[in-house]
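Here is the file my_file.cif (mmCIF, N, CA and C atoms).
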data_final
loop_
_atom_site.label_atom_id
_atom_site.label_comp_id
_atom_site.auth_asym_id
_atom_site.auth_seq_id
_atom_site.Cartn_x
_atom_site.Cartn_y
_atom_site.Cartn_z
N MET A 1 -0.03 3.79 -4.05
CA MET A 1 -0.81 5.00 -4.02
C MET A 1 -2.29 4.67 -4.07
N GLY A 2 -2.69 3.71 -4.83
CA GLY A 2 -4.07 3.29 -4.87
C GLY A 2 -4.13 1.79 -5.04
N ASP A 3 -5.34 1.23 -4.93
CA ASP A 3 -5.50 -0.21 -5.11
C ASP A 3 -5.65 -0.57 -6.58
N THR A 4 -5.89 0.40 -7.43
CA THR A 4 -6.08 0.17 -8.86
C THR A 4 -4.72 0.01 -9.54
N THR A 5 -4.61 -1.03 -10.37
CA THR A 5 -3.37 -1.19 -11.12
C THR A 5 -3.33 -0.15 -12.23
N VAL A 6 -2.15 0.15 -12.70
CA VAL A 6 -1.99 1.15 -13.75
C VAL A 6 -2.81 0.76 -14.98
N GLU A 7 -2.83 -0.52 -15.32
CA GLU A 7 -3.54 -0.99 -16.51
C GLU A 7 -5.04 -0.81 -16.40
N GLU A 8 -5.57 -0.69 -15.17
CA GLU A 8 -7.00 -0.52 -14.96
C GLU A 8 -7.42 0.94 -14.84
N MET A 9 -6.45 1.84 -14.76
CA MET A 9 -6.74 3.24 -14.52
C MET A 9 -7.31 3.94 -15.74
N SER A 10 -8.21 4.88 -15.46
CA SER A 10 -8.68 5.77 -16.51
C SER A 10 -7.57 6.78 -16.76
N PHE A 11 -7.72 7.55 -17.82
CA PHE A 11 -6.75 8.60 -18.11
C PHE A 11 -6.66 9.57 -16.93
N GLU A 12 -7.81 9.98 -16.41
CA GLU A 12 -7.85 10.95 -15.33
C GLU A 12 -7.17 10.43 -14.07
N GLN A 13 -7.39 9.16 -13.75
CA GLN A 13 -6.75 8.57 -12.57
C GLN A 13 -5.23 8.55 -12.74
N ALA A 14 -4.79 8.08 -13.90
CA ALA A 14 -3.35 7.99 -14.16
C ALA A 14 -2.71 9.37 -14.17
N MET A 15 -3.36 10.34 -14.76
CA MET A 15 -2.81 11.69 -14.81
C MET A 15 -2.73 12.29 -13.41
N GLY A 16 -3.77 12.08 -12.60
CA GLY A 16 -3.77 12.59 -11.24
C GLY A 16 -2.64 12.01 -10.41
N GLU A 17 -2.45 10.71 -10.51
CA GLU A 17 -1.36 10.08 -9.77
C GLU A 17 0.00 10.52 -10.32
N LEU A 18 0.10 10.65 -11.62
CA LEU A 18 1.35 11.11 -12.22
C LEU A 18 1.71 12.50 -11.70
N GLU A 19 0.73 13.36 -11.58
CA GLU A 19 0.98 14.70 -11.04
C GLU A 19 1.50 14.63 -9.61
N GLN A 20 0.95 13.71 -8.81
CA GLN A 20 1.43 13.52 -7.44
C GLN A 20 2.87 13.03 -7.41
N VAL A 21 3.18 12.09 -8.29
CA VAL A 21 4.54 11.54 -8.37
C VAL A 21 5.52 12.65 -8.74
N VAL A 22 5.19 13.42 -9.76
CA VAL A 22 6.07 14.51 -10.20
C VAL A 22 6.28 15.51 -9.07
N SER A 23 5.21 15.82 -8.36
CA SER A 23 5.30 16.77 -7.25
C SER A 23 6.26 16.27 -6.18
N GLN A 24 6.15 14.99 -5.84
CA GLN A 24 7.05 14.42 -4.84
C GLN A 24 8.50 14.44 -5.31
N LEU A 25 8.71 14.10 -6.56
CA LEU A 25 10.07 14.08 -7.09
C LEU A 25 10.65 15.50 -7.15
N GLU A 26 9.83 16.46 -7.52
CA GLU A 26 10.30 17.84 -7.61
C GLU A 26 10.67 18.42 -6.26
N ARG A 27 9.95 18.01 -5.21
CA ARG A 27 10.27 18.50 -3.87
C ARG A 27 11.66 18.03 -3.43
N GLY A 28 12.04 16.83 -3.87
CA GLY A 28 13.37 16.32 -3.57
C GLY A 28 13.58 15.92 -2.12
N ASP A 29 12.49 15.70 -1.40
CA ASP A 29 12.63 15.35 0.01
C ASP A 29 12.36 13.87 0.31
N VAL A 30 12.43 13.03 -0.73
CA VAL A 30 12.25 11.59 -0.53
C VAL A 30 13.60 10.89 -0.67
N PRO A 31 13.79 9.81 0.07
CA PRO A 31 15.05 9.07 -0.02
C PRO A 31 15.28 8.54 -1.45
N LEU A 32 16.53 8.26 -1.76
CA LEU A 32 16.91 7.82 -3.10
C LEU A 32 16.12 6.60 -3.56
N GLU A 33 16.01 5.58 -2.74
CA GLU A 33 15.30 4.37 -3.14
C GLU A 33 13.83 4.66 -3.45
N GLN A 34 13.22 5.51 -2.65
CA GLN A 34 11.83 5.89 -2.90
C GLN A 34 11.73 6.72 -4.18
N SER A 35 12.71 7.56 -4.43
CA SER A 35 12.73 8.36 -5.66
C SER A 35 12.79 7.45 -6.88
N ILE A 36 13.58 6.41 -6.80
CA ILE A 36 13.68 5.47 -7.92
C ILE A 36 12.33 4.78 -8.15
N SER A 37 11.70 4.34 -7.06
CA SER A 37 10.38 3.70 -7.17
C SER A 37 9.35 4.65 -7.74
N LEU A 38 9.39 5.90 -7.28
CA LEU A 38 8.46 6.90 -7.79
C LEU A 38 8.69 7.15 -9.28
N TYR A 39 9.95 7.22 -9.68
CA TYR A 39 10.27 7.45 -11.09
C TYR A 39 9.74 6.30 -11.95
N GLU A 40 9.92 5.07 -11.48
CA GLU A 40 9.43 3.90 -12.22
C GLU A 40 7.91 3.92 -12.33
N ARG A 41 7.25 4.27 -11.22
CA ARG A 41 5.79 4.37 -11.22
C ARG A 41 5.34 5.47 -12.19
N GLY A 42 6.05 6.59 -12.15
CA GLY A 42 5.73 7.68 -13.05
C GLY A 42 5.85 7.28 -14.51
N ALA A 43 6.87 6.48 -14.83
CA ALA A 43 7.05 6.02 -16.21
C ALA A 43 5.87 5.14 -16.64
N GLU A 44 5.39 4.28 -15.73
CA GLU A 44 4.24 3.44 -16.04
C GLU A 44 2.99 4.29 -16.25
N LEU A 45 2.82 5.27 -15.38
CA LEU A 45 1.64 6.15 -15.48
C LEU A 45 1.68 6.96 -16.77
N LYS A 46 2.84 7.45 -17.14
CA LYS A 46 2.99 8.21 -18.38
C LYS A 46 2.61 7.34 -19.58
N LYS A 47 3.05 6.10 -19.56
CA LYS A 47 2.75 5.18 -20.65
C LYS A 47 1.23 4.94 -20.73
N ARG A 48 0.58 4.80 -19.57
CA ARG A 48 -0.87 4.59 -19.54
C ARG A 48 -1.60 5.80 -20.12
N CYS A 49 -1.17 6.99 -19.71
CA CYS A 49 -1.80 8.22 -20.22
C CYS A 49 -1.64 8.30 -21.74
N LYS A 50 -0.46 7.99 -22.22
CA LYS A 50 -0.19 8.03 -23.66
C LYS A 50 -1.08 7.04 -24.40
N THR A 51 -1.25 5.85 -23.84
CA THR A 51 -2.10 4.82 -24.45
C THR A 51 -3.55 5.28 -24.51
N LYS A 52 -4.05 5.82 -23.38
CA LYS A 52 -5.44 6.27 -23.34
C LYS A 52 -5.68 7.44 -24.30
N LEU A 53 -4.72 8.35 -24.41
CA LEU A 53 -4.85 9.46 -25.36
C LEU A 53 -4.88 8.95 -26.80
N LYS A 54 -4.05 7.97 -27.10
CA LYS A 54 -4.01 7.38 -28.44
C LYS A 54 -5.35 6.73 -28.78
N GLU A 55 -5.91 6.01 -27.80
CA GLU A 55 -7.22 5.38 -28.00
C GLU A 55 -8.29 6.43 -28.30
N ALA A 56 -8.27 7.50 -27.54
CA ALA A 56 -9.26 8.58 -27.76
C ALA A 56 -9.07 9.22 -29.11
N GLU A 57 -7.82 9.44 -29.48
CA GLU A 57 -7.51 10.04 -30.78
C GLU A 57 -8.02 9.17 -31.92
N GLU A 58 -7.87 7.86 -31.78
CA GLU A 58 -8.33 6.94 -32.82
C GLU A 58 -9.85 6.94 -32.92
N LYS A 59 -10.53 7.05 -31.77
CA LYS A 59 -11.99 7.10 -31.79
C LYS A 59 -12.48 8.35 -32.49
N VAL A 60 -11.85 9.48 -32.20
CA VAL A 60 -12.23 10.74 -32.84
C VAL A 60 -11.96 10.67 -34.33
N ALA A 61 -10.83 10.11 -34.70
CA ALA A 61 -10.46 10.01 -36.11
C ALA A 61 -11.42 9.09 -36.87
N ALA A 62 -12.08 8.17 -36.14
CA ALA A 62 -12.96 7.22 -36.80
C ALA A 62 -14.37 7.75 -37.03
N ILE A 63 -14.68 8.92 -36.51
CA ILE A 63 -16.01 9.50 -36.69
C ILE A 63 -16.19 9.87 -38.16
N THR A 64 -17.30 9.45 -38.72
CA THR A 64 -17.59 9.78 -40.12
C THR A 64 -18.71 10.82 -40.17
N PHE A 65 -18.73 11.58 -41.23
CA PHE A 65 -19.71 12.65 -41.39
C PHE A 65 -20.48 12.45 -42.69
N ASP A 66 -21.72 12.94 -42.69
CA ASP A 66 -22.49 12.90 -43.93
C ASP A 66 -22.17 14.14 -44.75
N GLY A 67 -22.86 14.34 -45.85
CA GLY A 67 -22.59 15.46 -46.74
C GLY A 67 -22.80 16.83 -46.12
N ASP A 68 -23.64 16.89 -45.09
CA ASP A 68 -23.91 18.16 -44.40
C ASP A 68 -22.92 18.42 -43.26
N GLY A 69 -22.00 17.50 -43.04
CA GLY A 69 -21.04 17.66 -41.95
C GLY A 69 -21.55 17.17 -40.62
N THR A 70 -22.68 16.46 -40.63
CA THR A 70 -23.24 15.93 -39.40
C THR A 70 -22.63 14.55 -39.12
N PRO A 71 -22.17 14.31 -37.88
CA PRO A 71 -21.63 12.98 -37.57
C PRO A 71 -22.69 11.92 -37.81
N LYS A 72 -22.32 10.86 -38.50
CA LYS A 72 -23.31 9.81 -38.79
C LYS A 72 -22.88 8.46 -38.25
N GLY A 73 -21.70 8.34 -37.75
CA GLY A 73 -21.26 7.06 -37.21
C GLY A 73 -19.75 7.01 -37.15
N THR A 74 -19.27 5.82 -37.03
CA THR A 74 -17.82 5.64 -36.97
C THR A 74 -17.40 4.57 -37.95
N THR A 75 -16.14 4.63 -38.31
CA THR A 75 -15.55 3.57 -39.13
C THR A 75 -14.59 2.81 -38.22
N PRO A 76 -14.39 1.54 -38.49
CA PRO A 76 -13.45 0.79 -37.67
C PRO A 76 -12.07 1.43 -37.70
N VAL A 77 -11.39 1.41 -36.56
CA VAL A 77 -10.06 2.00 -36.45
C VAL A 77 -9.11 1.31 -37.41
N GLU A 78 -9.29 0.03 -37.65
CA GLU A 78 -8.41 -0.71 -38.55
C GLU A 78 -8.44 -0.13 -39.95
N GLY A 79 -9.55 0.54 -40.31
CA GLY A 79 -9.69 1.11 -41.64
C GLY A 79 -8.95 2.42 -41.83
N LEU A 80 -8.38 2.95 -40.75
CA LEU A 80 -7.70 4.24 -40.85
C LEU A 80 -6.32 4.11 -41.44
#
Exercise: express the given structure as structure tokens:
Amino acid sequence: MGDTTVEEMSFEQAMGELEQVVSQLERGDVPLEQSISLYERGAELKKRCKTKLKEAEEKVAAITFDGDGTPKGTTPVEGL
């Protein structure tokens, strides 16, 4: 589908391609072997999206605030 490997994709790229894969599978007009390949690709893309969401969640969780509730920095994710 693209020249970018799944591991190099941003969340948005992986989600966009995943939506295309799901659309093709839902139409049901692809041969069985292609459906299997699409399903495998979709599983990889889903895993990438999940990983990128987890990374974002950890970054948000690491934001620290001062006494006034103003963001003042981050703490290492390992400290969570």
**Message:** With distances taken over only C-alpha atoms, which residue among A:Ile63, A:Cys49, A:Ala43, A:Val30 lies nearest Met15 of chain A?
**Reply:**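 Closest residue, counting only C-alpha atoms: A:Cys49.
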**Request:** Enter the distance from atom CA of Glu58 of chain A to atom CA of Ser10 of chain A, in Å, rounded to one decimal.
**Result:**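 That distance, rounded to one decimal, is 16.4 Å.
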Box time for segment 32-40 of chain A: axis-aligned, enclosing all its listed atoms, 3 Å extra on each side; report centre and edge lengths in Å to one decimal, as AutoDock Vina command-line options.
--center_x 12.4 --center_y 6.0 --center_z -7.0 --size_x 15.0 --size_y 10.7 --size_z 16.6
**Request:** I need the residue set behind the PyMOL selection byres (((chain A and resi 25 and name CA) around 12) and name CA) for this file; please write it as a ChimeraX atom specification.
**Result:** /A:18-24,26-42
**Request:** Kindly give the distance, in Å, that separates atom N of Lys72 of chain A and atom C of Lys54 of chain A, rounded to a single decimal.
**Result:** 20.0 Å
**Request:** Just list the residues in chain A DSSP gives alpha helix (DSSP H) on the backbone, as a ChimeraX atom specification.
**Result:** /A:11-27,32-61
Pull N, CA and C atoms from the residues just selected and write them as a compact mmCIF listing (two decimals), keeping the file's coordinate frame.
# COMPACT_ATOMS: atom_id res chain seq x y z
N PHE A 11 -7.72 7.55 -17.82
CA PHE A 11 -6.75 8.60 -18.11
C PHE A 11 -6.66 9.57 -16.93
N GLU A 12 -7.81 9.98 -16.41
CA GLU A 12 -7.85 10.95 -15.33
C GLU A 12 -7.17 10.43 -14.07
N GLN A 13 -7.39 9.16 -13.75
CA GLN A 13 -6.75 8.57 -12.57
C GLN A 13 -5.23 8.55 -12.74
N ALA A 14 -4.79 8.08 -13.90
CA ALA A 14 -3.35 7.99 -14.16
C ALA A 14 -2.71 9.37 -14.17
N MET A 15 -3.36 10.34 -14.76
CA MET A 15 -2.81 11.69 -14.81
C MET A 15 -2.73 12.29 -13.41
N GLY A 16 -3.77 12.08 -12.60
CA GLY A 16 -3.77 12.59 -11.24
C GLY A 16 -2.64 12.01 -10.41
N GLU A 17 -2.45 10.71 -10.51
CA GLU A 17 -1.36 10.08 -9.77
C GLU A 17 0.00 10.52 -10.32
N LEU A 18 0.10 10.65 -11.62
CA LEU A 18 1.35 11.11 -12.22
C LEU A 18 1.71 12.50 -11.70
N GLU A 19 0.73 13.36 -11.58
CA GLU A 19 0.98 14.70 -11.04
C GLU A 19 1.50 14.63 -9.61
N GLN A 20 0.95 13.71 -8.81
CA GLN A 20 1.43 13.52 -7.44
C GLN A 20 2.87 13.03 -7.41
N VAL A 21 3.18 12.09 -8.29
CA VAL A 21 4.54 11.54 -8.37
C VAL A 21 5.52 12.65 -8.74
N VAL A 22 5.19 13.42 -9.76
CA VAL A 22 6.07 14.51 -10.20
C VAL A 22 6.28 15.51 -9.07
N SER A 23 5.21 15.82 -8.36
CA SER A 23 5.30 16.77 -7.25
C SER A 23 6.26 16.27 -6.18
N GLN A 24 6.15 14.99 -5.84
CA GLN A 24 7.05 14.42 -4.84
C GLN A 24 8.50 14.44 -5.31
N LEU A 25 8.71 14.10 -6.56
CA LEU A 25 10.07 14.08 -7.09
C LEU A 25 10.65 15.50 -7.15
N GLU A 26 9.83 16.46 -7.52
CA GLU A 26 10.30 17.84 -7.61
C GLU A 26 10.67 18.42 -6.26
N ARG A 27 9.95 18.01 -5.21
CA ARG A 27 10.27 18.50 -3.87
C ARG A 27 11.66 18.03 -3.43
N LEU A 32 16.53 8.26 -1.76
CA LEU A 32 16.91 7.82 -3.10
C LEU A 32 16.12 6.60 -3.56
N GLU A 33 16.01 5.58 -2.74
CA GLU A 33 15.30 4.37 -3.14
C GLU A 33 13.83 4.66 -3.45
N GLN A 34 13.22 5.51 -2.65
CA GLN A 34 11.83 5.89 -2.90
C GLN A 34 11.73 6.72 -4.18
N SER A 35 12.71 7.56 -4.43
CA SER A 35 12.73 8.36 -5.66
C SER A 35 12.79 7.45 -6.88
N ILE A 36 13.58 6.41 -6.80
CA ILE A 36 13.68 5.47 -7.92
C ILE A 36 12.33 4.78 -8.15
N SER A 37 11.70 4.34 -7.06
CA SER A 37 10.38 3.70 -7.17
C SER A 37 9.35 4.65 -7.74
N LEU A 38 9.39 5.90 -7.28
CA LEU A 38 8.46 6.90 -7.79
C LEU A 38 8.69 7.15 -9.28
N TYR A 39 9.95 7.22 -9.68
CA TYR A 39 10.27 7.45 -11.09
C TYR A 39 9.74 6.30 -11.95
N GLU A 40 9.92 5.07 -11.48
CA GLU A 40 9.43 3.90 -12.22
C GLU A 40 7.91 3.92 -12.33
N ARG A 41 7.25 4.27 -11.22
CA ARG A 41 5.79 4.37 -11.22
C ARG A 41 5.34 5.47 -12.19
N GLY A 42 6.05 6.59 -12.15
CA GLY A 42 5.73 7.68 -13.05
C GLY A 42 5.85 7.28 -14.51
N ALA A 43 6.87 6.48 -14.83
CA ALA A 43 7.05 6.02 -16.21
C ALA A 43 5.87 5.14 -16.64
N GLU A 44 5.39 4.28 -15.73
CA GLU A 44 4.24 3.44 -16.04
C GLU A 44 2.99 4.29 -16.25
N LEU A 45 2.82 5.27 -15.38
CA LEU A 45 1.64 6.15 -15.48
C LEU A 45 1.68 6.96 -16.77
N LYS A 46 2.84 7.45 -17.14
CA LYS A 46 2.99 8.21 -18.38
C LYS A 46 2.61 7.34 -19.58
N LYS A 47 3.05 6.10 -19.56
CA LYS A 47 2.75 5.18 -20.65
C LYS A 47 1.23 4.94 -20.73
N ARG A 48 0.58 4.80 -19.57
CA ARG A 48 -0.87 4.59 -19.54
C ARG A 48 -1.60 5.80 -20.12
N CYS A 49 -1.17 6.99 -19.71
CA CYS A 49 -1.80 8.22 -20.22
C CYS A 49 -1.64 8.30 -21.74
N LYS A 50 -0.46 7.99 -22.22
CA LYS A 50 -0.19 8.03 -23.66
C LYS A 50 -1.08 7.04 -24.40
N THR A 51 -1.25 5.85 -23.84
CA THR A 51 -2.10 4.82 -24.45
C THR A 51 -3.55 5.28 -24.51
N LYS A 52 -4.05 5.82 -23.38
CA LYS A 52 -5.44 6.27 -23.34
C LYS A 52 -5.68 7.44 -24.30
N LEU A 53 -4.72 8.35 -24.41
CA LEU A 53 -4.85 9.46 -25.36
C LEU A 53 -4.88 8.95 -26.80
N LYS A 54 -4.05 7.97 -27.10
CA LYS A 54 -4.01 7.38 -28.44
C LYS A 54 -5.35 6.73 -28.78
N GLU A 55 -5.91 6.01 -27.80
CA GLU A 55 -7.22 5.38 -28.00
C GLU A 55 -8.29 6.43 -28.30
N ALA A 56 -8.27 7.50 -27.54
CA ALA A 56 -9.26 8.58 -27.76
C ALA A 56 -9.07 9.22 -29.11
N GLU A 57 -7.82 9.44 -29.48
CA GLU A 57 -7.51 10.04 -30.78
C GLU A 57 -8.02 9.17 -31.92
N GLU A 58 -7.87 7.86 -31.78
CA GLU A 58 -8.33 6.94 -32.82
C GLU A 58 -9.85 6.94 -32.92
N LYS A 59 -10.53 7.05 -31.77
CA LYS A 59 -11.99 7.10 -31.79
C LYS A 59 -12.48 8.35 -32.49
N VAL A 60 -11.85 9.48 -32.20
CA VAL A 60 -12.23 10.74 -32.84
C VAL A 60 -11.96 10.67 -34.33
N ALA A 61 -10.83 10.11 -34.70
CA ALA A 61 -10.46 10.01 -36.11
C ALA A 61 -11.42 9.09 -36.87
**Item:** Residue with smallest distance to Lys59 of chain A - pool A:Thr5, A:Gly73, A:Leu45, A:Gln13, counting only C-alpha atoms
**Value:**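 Closest to Lys59 of chain A, using only C-alpha atoms: A:Gly73.
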**Prompt:** Mind pulling up the distance from atom C of Met9 of chain A to atom N of Lys52 of chain A?
**Reply:** 8.5 Å
**Request:** Counting all atoms listed in the file, select every polymer residue within 5 Å of (-0.6, 4.2, -15.4) as defined in the file's coordinates, and provide the selection as a list in words.
**Result:**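 These residues have at least one counted atom within 5 Å: Val6, Ala14, Glu44, Leu45 and Arg48 of chain A.
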**Message:** I'd like to know which of A:Thr4, A:Pro71, A:Phe11, A:Phe65 is closest to Leu53 of chain A, using only N, CA and C atoms.
**Reply:**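 The answer is A:Phe11, which sits nearest to Leu53 of chain A.
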